[in-house]
>>> print(open('my_file-v3.tsv').read())   # TSV, C-alpha atoms
chain	number	residue	atom	x	y	z
A	1	MET	CA	15.69	-1.12	-9.08
A	2	ARG	CA	13.55	-4.15	-8.27
A	3	ARG	CA	16.75	-6.18	-7.89
A	4	THR	CA	17.95	-3.64	-5.31
A	5	PHE	CA	14.82	-4.18	-3.23
A	6	ILE	CA	15.26	-7.95	-3.49
A	7	VAL	CA	18.85	-7.70	-2.23
A	8	ILE	CA	17.83	-5.44	0.65
A	9	ALA	CA	15.00	-7.78	1.60
A	10	SER	CA	17.36	-10.77	1.48
A	11	LEU	CA	19.86	-9.06	3.75
A	12	ALA	CA	17.11	-8.09	6.17
A	13	PHE	CA	15.89	-11.67	6.22
A	14	ALA	CA	19.36	-13.00	6.89
A	15	ALA	CA	19.88	-10.53	9.73
A	16	SER	CA	16.64	-11.58	11.39
A	17	ALA	CA	16.81	-15.30	10.67
A	18	PHE	CA	16.78	-16.13	14.36
A	19	ALA	CA	14.17	-13.54	15.36
A	20	LYS	CA	10.51	-14.37	15.84
A	21	ASP	CA	7.39	-12.32	15.23
A	22	ALA	CA	4.65	-11.36	17.65
A	23	THR	CA	1.42	-10.71	15.71
A	24	HIS	CA	-2.10	-9.43	16.34
A	25	GLU	CA	-5.01	-9.32	13.87
A	26	PHE	CA	-7.49	-6.45	13.87
A	27	GLN	CA	-10.52	-5.26	11.92
A	28	ALA	CA	-12.97	-2.34	11.88
A	29	ALA	CA	-15.77	-0.88	9.79
A	30	VAL	CA	-17.87	2.28	9.57
A	31	SER	CA	-20.98	3.26	7.64
A	32	ARG	CA	-20.22	5.39	4.59
A	33	GLY	CA	-22.71	8.11	5.47
A	34	ALA	CA	-21.40	11.39	4.01
A	35	ILE	CA	-17.79	10.20	3.61
A	36	GLN	CA	-16.21	11.14	0.29
A	37	ARG	CA	-12.49	11.11	1.12
A	38	VAL	CA	-10.20	8.74	3.01
A	39	VAL	CA	-6.84	9.79	4.46
A	40	ILE	CA	-4.42	7.02	5.42
A	41	ALA	CA	-2.44	8.69	8.23
A	42	ILE	CA	0.01	5.87	8.94
A	43	SER	CA	3.68	6.73	8.53
A	44	ALA	CA	4.83	3.35	7.20
A	45	GLY	CA	3.43	-0.04	6.32
A	46	SER	CA	2.05	-2.33	3.66
A	47	PHE	CA	-1.30	-1.22	2.21
A	48	THR	CA	-3.73	-3.08	-0.04
A	49	ILE	CA	-6.71	-1.05	-1.27
A	50	ARG	CA	-9.70	-2.56	-3.04
A	51	ASN	CA	-13.36	-1.71	-3.68
A	52	GLY	CA	-15.90	-3.15	-1.29
A	53	ALA	CA	-19.51	-2.53	-0.32
A	54	SER	CA	-21.03	0.76	-1.47
A	55	ASP	CA	-22.45	1.60	1.98
A	56	ARG	CA	-19.46	1.08	4.27
A	57	LEU	CA	-15.70	1.30	4.70
A	58	SER	CA	-13.89	-1.66	6.24
A	59	LEU	CA	-10.35	-2.56	7.21
A	60	SER	CA	-8.46	-5.59	8.41
A	61	GLY	CA	-4.83	-6.32	9.03
A	62	VAL	CA	-1.99	-7.46	11.21
A	63	ALA	CA	0.25	-5.62	13.66
A	64	SER	CA	3.63	-7.32	14.09
A	65	ARG	CA	7.07	-6.88	15.56
A	66	ASP	CA	10.26	-8.91	15.91
A	67	TYR	CA	11.62	-10.10	19.21
A	68	ASP	CA	14.71	-12.03	20.26
A	69	GLY	CA	14.47	-14.50	23.11
A	70	SER	CA	11.87	-15.35	25.71
A	71	LYS	CA	12.53	-12.24	27.80
A	72	GLU	CA	11.26	-9.94	25.05
A	73	ALA	CA	8.52	-12.25	23.74
A	74	LEU	CA	5.91	-11.40	26.39
A	75	TRP	CA	6.48	-7.66	26.05
A	76	ALA	CA	6.32	-7.80	22.24
A	77	GLN	CA	3.05	-9.71	22.32
A	78	LYS	CA	1.51	-7.18	24.72
A	79	VAL	CA	2.56	-4.37	22.41
A	80	VAL	CA	0.99	-5.84	19.27
A	81	ASN	CA	-2.14	-6.88	21.19
A	82	ASP	CA	-2.63	-3.19	22.03
A	83	THR	CA	-1.89	-1.97	18.47
A	84	SER	CA	-4.61	-1.73	15.85
A	85	VAL	CA	-6.01	0.61	13.18
A	86	GLU	CA	-9.22	2.65	13.40
A	87	PHE	CA	-11.45	4.98	11.39
A	88	VAL	CA	-11.98	8.53	12.69
A	89	VAL	CA	-14.83	10.20	10.81
A	90	ASN	CA	-15.20	13.96	10.51
A	91	GLY	CA	-18.01	14.91	8.16
A	92	ALA	CA	-17.04	13.99	4.60
A	93	GLU	CA	-13.58	12.72	5.62
A	94	ALA	CA	-12.48	9.48	7.26
A	95	ILE	CA	-8.98	9.26	8.72
A	96	VAL	CA	-7.36	5.83	8.97
A	97	ARG	CA	-4.86	5.87	11.82
A	98	ARG	CA	-3.10	3.60	14.28
A	99	LYS	CA	-4.66	3.06	17.70
A	100	PHE	CA	-2.51	2.28	20.74
A	101	GLY	CA	-3.62	0.82	24.06
A	102	LYS	CA	-1.84	1.16	27.42
A	103	ASN	CA	0.82	-1.45	26.56
A	104	ALA	CA	1.87	0.32	23.36
A	105	GLN	CA	2.40	3.89	24.52
A	106	SER	CA	6.21	4.04	24.41
A	107	PHE	CA	8.19	5.44	21.48
A	108	ARG	CA	9.91	2.08	21.02
A	109	ALA	CA	6.59	0.24	20.95
A	110	GLN	CA	5.04	2.54	18.35
A	111	LYS	CA	8.08	3.17	16.16
A	112	PHE	CA	8.99	-0.43	15.45
A	113	THR	CA	5.63	-2.15	15.18
A	114	GLY	CA	4.76	-3.02	11.59
A	115	ILE	CA	1.32	-2.62	10.01
A	116	ASP	CA	-0.02	-4.75	7.16
A	117	LEU	CA	-3.38	-3.21	6.24
A	118	ARG	CA	-6.18	-4.04	3.81
A	119	LEU	CA	-8.82	-1.39	3.09
A	120	GLU	CA	-12.09	-1.97	1.25
A	121	LEU	CA	-13.69	1.27	0.07
A	122	PRO	CA	-16.84	2.15	-1.87
A	123	PRO	CA	-16.27	2.83	-5.60
A	124	GLY	CA	-15.39	6.43	-6.43
A	125	MET	CA	-13.87	7.30	-3.04
A	126	ASP	CA	-11.02	9.85	-2.95
A	127	VAL	CA	-7.86	8.43	-1.34
A	128	ASP	CA	-5.00	10.45	0.15
A	129	PHE	CA	-1.90	8.85	1.69
A	130	ASP	CA	-0.15	10.69	4.53
A	131	THR	CA	2.56	8.03	4.49
A	132	ALA	CA	6.35	8.26	4.30
A	133	ALA	CA	7.41	4.73	3.39
A	134	GLY	CA	6.02	1.36	2.43
A	135	GLU	CA	4.27	-0.64	-0.23
A	136	ILE	CA	0.94	0.41	-1.76
A	137	ASP	CA	-1.19	-1.89	-3.93
A	138	MET	CA	-4.41	-0.33	-5.28
A	139	THR	CA	-6.86	-1.91	-7.71
A	140	GLY	CA	-10.34	-0.63	-8.40
A	141	ASN	CA	-12.54	2.36	-9.15
A	142	PHE	CA	-11.51	5.39	-7.08
A	143	GLY	CA	-11.79	9.17	-7.23
A	144	ASP	CA	-8.80	11.46	-6.72
A	145	ILE	CA	-5.63	9.68	-5.55
A	146	ASP	CA	-2.69	11.45	-3.90
A	147	ILE	CA	0.48	9.50	-2.96
A	148	ASP	CA	3.88	10.98	-2.04
A	149	LEU	CA	6.31	8.48	-0.45
A	150	ARG	CA	9.90	9.06	0.59
A	151	ALA	CA	10.70	5.42	-0.12
A	152	GLY	CA	8.79	2.40	-1.33
A	153	GLU	CA	6.81	0.83	-4.12
A	154	VAL	CA	3.43	1.81	-5.57
A	155	ASP	CA	1.34	-0.38	-7.87
A	156	ILE	CA	-1.99	1.08	-9.07
A	157	ARG	CA	-4.55	-0.35	-11.49
A	158	ILE	CA	-7.52	1.94	-12.20
A	159	PRO	CA	-10.01	2.46	-15.08
A	160	ARG	CA	-8.61	4.69	-17.83
A	161	ASN	CA	-11.93	6.38	-18.54
A	162	ARG	CA	-12.18	7.60	-14.93
A	163	VAL	CA	-8.86	9.46	-14.99
A	164	ARG	CA	-8.80	13.10	-16.07
A	165	GLU	CA	-5.15	13.78	-15.20
A	166	LEU	CA	-2.31	11.50	-14.15
A	167	ASN	CA	1.13	12.54	-12.90
A	168	ALA	CA	3.56	9.72	-12.03
A	169	SER	CA	7.17	10.35	-10.98
A	170	CYS	CA	10.12	9.44	-8.78
A	171	ARG	CA	13.43	11.07	-7.95
A	172	VAL	CA	15.52	7.91	-7.93
A	173	GLY	CA	14.17	4.64	-9.31
A	174	GLU	CA	11.70	3.58	-11.95
A	175	VAL	CA	8.32	4.77	-13.20
A	176	ARG	CA	6.23	2.54	-15.48
A	177	THR	CA	2.91	3.75	-16.83
A	178	HIS	CA	0.62	1.57	-18.93
A	179	LEU	CA	-1.64	4.09	-20.62
A	180	GLY	CA	-3.72	1.68	-22.68
A	181	ASN	CA	-2.29	2.65	-26.07
A	182	GLU	CA	1.35	2.87	-24.95
A	183	ILE	CA	3.74	1.93	-22.15
A	184	VAL	CA	6.12	4.60	-20.86
A	185	THR	CA	9.15	3.58	-18.77
A	186	ARG	CA	11.47	6.02	-17.05
A	187	GLU	CA	14.33	5.03	-14.75
A	188	GLY	CA	17.50	6.20	-13.09
A	189	LEU	CA	18.33	9.47	-11.33
A	190	PHE	CA	15.72	12.18	-11.91
A	191	PRO	CA	13.96	10.16	-14.62
A	192	GLY	CA	11.21	12.74	-15.07
A	193	LYS	CA	7.44	12.65	-14.87
A	194	THR	CA	4.83	10.88	-16.96
A	195	HIS	CA	1.74	12.99	-17.62
A	196	PHE	CA	-1.58	11.78	-19.04
A	197	PHE	CA	-4.71	13.84	-19.70
A	198	ASN	CA	-8.23	12.75	-20.62
A	199	ALA	CA	-10.81	15.53	-20.89
A	200	ALA	CA	-13.69	13.10	-20.37
A	201	GLY	CA	-12.36	11.82	-17.04
A	202	THR	CA	-12.97	13.19	-13.54
A	203	ALA	CA	-10.24	11.81	-11.24
A	204	HIS	CA	-6.89	13.49	-10.56
A	205	VAL	CA	-4.14	10.97	-9.79
A	206	ASN	CA	-0.76	12.13	-8.43
A	207	VAL	CA	1.82	9.49	-7.53
A	208	HIS	CA	5.40	10.28	-6.47
A	209	VAL	CA	8.12	8.27	-4.73
A	210	THR	CA	11.41	9.92	-3.80
A	211	ALA	CA	13.28	6.59	-3.97
A	212	GLY	CA	11.65	3.44	-5.28
A	213	GLU	CA	9.23	2.25	-7.95
A	214	VAL	CA	5.93	3.47	-9.38
A	215	ASP	CA	3.78	1.26	-11.61
A	216	VAL	CA	0.46	2.66	-12.86
A	217	THR	CA	-1.84	0.74	-15.21
A	218	LEU	CA	-4.89	2.39	-16.76
A	219	THR	CA	-7.27	-0.46	-17.52
A	220	GLN	CA	-9.87	-0.51	-20.28
>>> encode(input="my_file-v3.tsv", output="structure tokens")
Amino acid sequence: MRRTFIVIASLAFAASAFAKDATHEFQAAVSRGAIQRVVIAISAGSFTIRNGASDRLSLSGVASRDYDGSKEALWAQKVVNDTSVEFVVNGAEAIVRRKFGKNAQSFRAQKFTGIDLRLELPPGMDVDFDTAAGEIDMTGNFGDIDIDLRAGEVDIRIPRNRVRELNASCRVGEVRTHLGNEIVTREGLFPGKTHFFNAAGTAHVNVHVTAGEVDVTLTQ
């Protein structure tokens, strides 16, 4: 399955060899306050999640889009300059969502602008992805984790003693789970689900990808 993604990426690169990227960097932060749960409400993108300071949530990243020729370059740059990501806090929940200025209001501007996001969260925070496609890379100490992608790759490394229940699955692709005392690999069409239970743990981790790869490592 990984070879398939490499081939697709190579074809995409070849098709866009003469295109250029307009990019814009952004960042934001909020005080933790009463926040216990983070929802990433971004439909597609590349996401890196790590632990950070215990008293705040922070994000940084890049908005980007391809353009061909000088006629589209100015418009593309205006679009990405008006595209960023923000926190919206409601009590114990913080929603991470895209933010669009006046130059990024069209369907075309919003649909085809890529997001590469890094989140730094306090240890123990619950994380829920409202995301359809992309790449997710999580390492650290978190609470409950809920991921359900239509397509993409998920790579998670979390402490084994924190996990009470783990469910990892895909419909088409490969699921690798490193459980500490064994490695379980499932692949193909409807490869099934890997389940792990630890009565001493507290976190519930559910990871599913309809088409793609899931790699979960429970660290010691």
>>> residues_around(input="my_file-v3.tsv", residues="range 118-134 of chain A", least_positions_apart="2", cutoff="8 Å", atoms="only C-alpha atoms", output="PyMOL selection string")
chain A and resi 32+36-61+116+136+140-153
>>> closest_residue(input="my_file-v3.tsv", among="A:His208, A:Gln27, A:Asp215, A:Glu174", to="Ile156 in chain A", atoms="all atoms listed in the file")
A:Asp215
>>> atom_distance(input="my_file-v3.tsv", atom1="CA of Val154 in chain A", atom2="CA of Phe100 in chain A")
27.0 Å
>>> residues_around(input="my_file-v3.tsv", residues="range 178-190 of chain A", least_positions_apart="6", cutoff="9 Å", atoms="all atoms listed in the file", output="NGL selection string")
:A and (1 or 160 or 169-172 or 196 or 213 or 215-220)
>>> atom_distance(input="my_file-v3.tsv", atom1="CA of Thr23 in chain A", atom2="CA of Met138 in chain A")
24.1 Å
>>> residues_around(input="my_file-v3.tsv", residues="Thr83 in chain A", least_positions_apart="6", cutoff="7 Å", atoms="all atoms listed in the file", output="number ranges by chain")
A: 63, 99-101, 104
>>> atom_distance(input="my_file-v3.tsv", atom1="CA of Ala94 in chain A", atom2="CA of Asp155 in chain A")
22.7 Å
>>> closest_residue(input="my_file-v3.tsv", among="A:Gly212, A:Thr139, A:Ala199, A:Gly69", to="Arg176 in chain A", atoms="all atoms listed in the file")
A:Gly212
>>> axis_aligned_box(input="my_file-v3.tsv", around="range 45-61 of chain A", padding_each_side="6 Å", output="AutoDock Vina command-line options")
--center_x -9.5 --center_y -2.4 --center_z 2.7 --size_x 37.9 --size_y 19.9 --size_z 24.7
>>> residues_near_point(input="my_file-v3.tsv", point="(6.6, -3.0, 27.8)", cutoff="8 Å", atoms="all atoms listed in the file", output="list in words")
Trp75, Ala76, Lys78, Val79, Asn103, Ala104, Ser106 and Ala109 of chain A
>>> closest_residue(input="my_file-v3.tsv", among="A:Ala34, A:His24, A:Thr177, A:Val163", to="Asn81 in chain A", atoms="all atoms listed in the file")
A:His24
>>> closest_residue(input="my_file-v3.tsv", among="A:Asn167, A:Val62, A:Gly114, A:Thr194", to="Val207 in chain A", atoms="only C-alpha atoms")
A:Asn167
>>> build_atoms(input="my_file-v3.tsv", residues="range 23-51 of chain A", atoms="N, CA and C atoms", output="PDB file, in the frame of the given file")
ATOM      1  N   THR A  23       2.423 -11.248  16.624  1.00  0.00           N
ATOM      2  CA  THR A  23       1.420 -10.710  15.710  1.00  0.00           C
ATOM      3  C   THR A  23       0.060 -10.562  16.387  1.00  0.00           C
ATOM      4  N   HIS A  24      -0.735  -9.649  15.840  1.00  0.00           N
ATOM      5  CA  HIS A  24      -2.100  -9.430  16.340  1.00  0.00           C
ATOM      6  C   HIS A  24      -2.968  -8.985  15.175  1.00  0.00           C
ATOM      7  N   GLU A  25      -4.079  -9.682  14.935  1.00  0.00           N
ATOM      8  CA  GLU A  25      -5.010  -9.320  13.870  1.00  0.00           C
ATOM      9  C   GLU A  25      -6.053  -8.341  14.381  1.00  0.00           C
ATOM     10  N   PHE A  26      -6.480  -7.440  13.500  1.00  0.00           N
ATOM     11  CA  PHE A  26      -7.490  -6.450  13.870  1.00  0.00           C
ATOM     12  C   PHE A  26      -8.425  -6.217  12.686  1.00  0.00           C
ATOM     13  N   GLN A  27      -9.580  -5.634  12.971  1.00  0.00           N
ATOM     14  CA  GLN A  27     -10.520  -5.260  11.920  1.00  0.00           C
ATOM     15  C   GLN A  27     -11.452  -4.170  12.438  1.00  0.00           C
ATOM     16  N   ALA A  28     -12.029  -3.404  11.515  1.00  0.00           N
ATOM     17  CA  ALA A  28     -12.970  -2.340  11.880  1.00  0.00           C
ATOM     18  C   ALA A  28     -13.785  -1.971  10.659  1.00  0.00           C
ATOM     19  N   ALA A  29     -14.911  -1.324  10.890  1.00  0.00           N
ATOM     20  CA  ALA A  29     -15.770  -0.880   9.790  1.00  0.00           C
ATOM     21  C   ALA A  29     -16.608   0.301  10.247  1.00  0.00           C
ATOM     22  N   VAL A  30     -16.966   1.169   9.302  1.00  0.00           N
ATOM     23  CA  VAL A  30     -17.870   2.280   9.570  1.00  0.00           C
ATOM     24  C   VAL A  30     -18.840   2.424   8.414  1.00  0.00           C
ATOM     25  N   SER A  31     -20.020   2.961   8.693  1.00  0.00           N
ATOM     26  CA  SER A  31     -20.980   3.260   7.640  1.00  0.00           C
ATOM     27  C   SER A  31     -20.468   4.402   6.785  1.00  0.00           C
ATOM     28  N   ARG A  32     -20.726   4.342   5.476  1.00  0.00           N
ATOM     29  CA  ARG A  32     -20.220   5.390   4.590  1.00  0.00           C
ATOM     30  C   ARG A  32     -20.802   6.755   4.938  1.00  0.00           C
ATOM     31  N   GLY A  33     -22.099   6.836   5.163  1.00  0.00           N
ATOM     32  CA  GLY A  33     -22.710   8.110   5.470  1.00  0.00           C
ATOM     33  C   GLY A  33     -22.380   9.162   4.432  1.00  0.00           C
ATOM     34  N   ALA A  34     -21.759  10.278   4.905  1.00  0.00           N
ATOM     35  CA  ALA A  34     -21.400  11.390   4.010  1.00  0.00           C
ATOM     36  C   ALA A  34     -19.941  11.340   3.575  1.00  0.00           C
ATOM     37  N   ILE A  35     -19.230  10.276   3.882  1.00  0.00           N
ATOM     38  CA  ILE A  35     -17.790  10.200   3.610  1.00  0.00           C
ATOM     39  C   ILE A  35     -17.512  10.180   2.106  1.00  0.00           C
ATOM     40  N   GLN A  36     -16.634  11.083   1.683  1.00  0.00           N
ATOM     41  CA  GLN A  36     -16.210  11.140   0.290  1.00  0.00           C
ATOM     42  C   GLN A  36     -14.709  10.960   0.116  1.00  0.00           C
ATOM     43  N   ARG A  37     -13.961  11.114   1.206  1.00  0.00           N
ATOM     44  CA  ARG A  37     -12.490  11.110   1.120  1.00  0.00           C
ATOM     45  C   ARG A  37     -11.910  10.324   2.290  1.00  0.00           C
ATOM     46  N   VAL A  38     -10.889   9.516   1.987  1.00  0.00           N
ATOM     47  CA  VAL A  38     -10.200   8.740   3.010  1.00  0.00           C
ATOM     48  C   VAL A  38      -8.739   9.166   3.050  1.00  0.00           C
ATOM     49  N   VAL A  39      -8.244   9.433   4.259  1.00  0.00           N
ATOM     50  CA  VAL A  39      -6.840   9.790   4.460  1.00  0.00           C
ATOM     51  C   VAL A  39      -6.185   8.679   5.267  1.00  0.00           C
ATOM     52  N   ILE A  40      -5.152   8.049   4.700  1.00  0.00           N
ATOM     53  CA  ILE A  40      -4.420   7.020   5.420  1.00  0.00           C
ATOM     54  C   ILE A  40      -3.260   7.704   6.132  1.00  0.00           C
ATOM     55  N   ALA A  41      -3.424   7.961   7.426  1.00  0.00           N
ATOM     56  CA  ALA A  41      -2.440   8.690   8.230  1.00  0.00           C
ATOM     57  C   ALA A  41      -1.599   7.708   9.039  1.00  0.00           C
ATOM     58  N   ILE A  42      -0.889   6.849   8.332  1.00  0.00           N
ATOM     59  CA  ILE A  42       0.010   5.870   8.940  1.00  0.00           C
ATOM     60  C   ILE A  42       1.366   6.047   8.279  1.00  0.00           C
ATOM     61  N   SER A  43       2.391   6.300   9.082  1.00  0.00           N
ATOM     62  CA  SER A  43       3.680   6.730   8.530  1.00  0.00           C
ATOM     63  C   SER A  43       4.357   5.679   7.660  1.00  0.00           C
ATOM     64  N   ALA A  44       4.179   4.394   7.981  1.00  0.00           N
ATOM     65  CA  ALA A  44       4.830   3.350   7.200  1.00  0.00           C
ATOM     66  C   ALA A  44       4.032   2.061   7.314  1.00  0.00           C
ATOM     67  N   GLY A  45       4.131   1.234   6.272  1.00  0.00           N
ATOM     68  CA  GLY A  45       3.430  -0.040   6.320  1.00  0.00           C
ATOM     69  C   GLY A  45       3.224  -0.614   4.936  1.00  0.00           C
ATOM     70  N   SER A  46       2.446  -1.683   4.903  1.00  0.00           N
ATOM     71  CA  SER A  46       2.050  -2.330   3.660  1.00  0.00           C
ATOM     72  C   SER A  46       0.545  -2.151   3.517  1.00  0.00           C
ATOM     73  N   PHE A  47       0.103  -1.608   2.376  1.00  0.00           N
ATOM     74  CA  PHE A  47      -1.300  -1.220   2.210  1.00  0.00           C
ATOM     75  C   PHE A  47      -1.877  -1.840   0.943  1.00  0.00           C
ATOM     76  N   THR A  48      -2.986  -2.528   1.085  1.00  0.00           N
ATOM     77  CA  THR A  48      -3.730  -3.080  -0.040  1.00  0.00           C
ATOM     78  C   THR A  48      -5.104  -2.431  -0.055  1.00  0.00           C
ATOM     79  N   ILE A  49      -5.456  -1.789  -1.171  1.00  0.00           N
ATOM     80  CA  ILE A  49      -6.710  -1.050  -1.270  1.00  0.00           C
ATOM     81  C   ILE A  49      -7.550  -1.657  -2.395  1.00  0.00           C
ATOM     82  N   ARG A  50      -8.778  -1.987  -2.071  1.00  0.00           N
ATOM     83  CA  ARG A  50      -9.700  -2.560  -3.040  1.00  0.00           C
ATOM     84  C   ARG A  50     -11.081  -1.919  -2.858  1.00  0.00           C
ATOM     85  N   ASN A  51     -11.959  -2.106  -3.842  1.00  0.00           N
ATOM     86  CA  ASN A  51     -13.360  -1.710  -3.680  1.00  0.00           C
ATOM     87  C   ASN A  51     -14.107  -2.751  -2.878  1.00  0.00           C
TER      88      ASN A  51
END
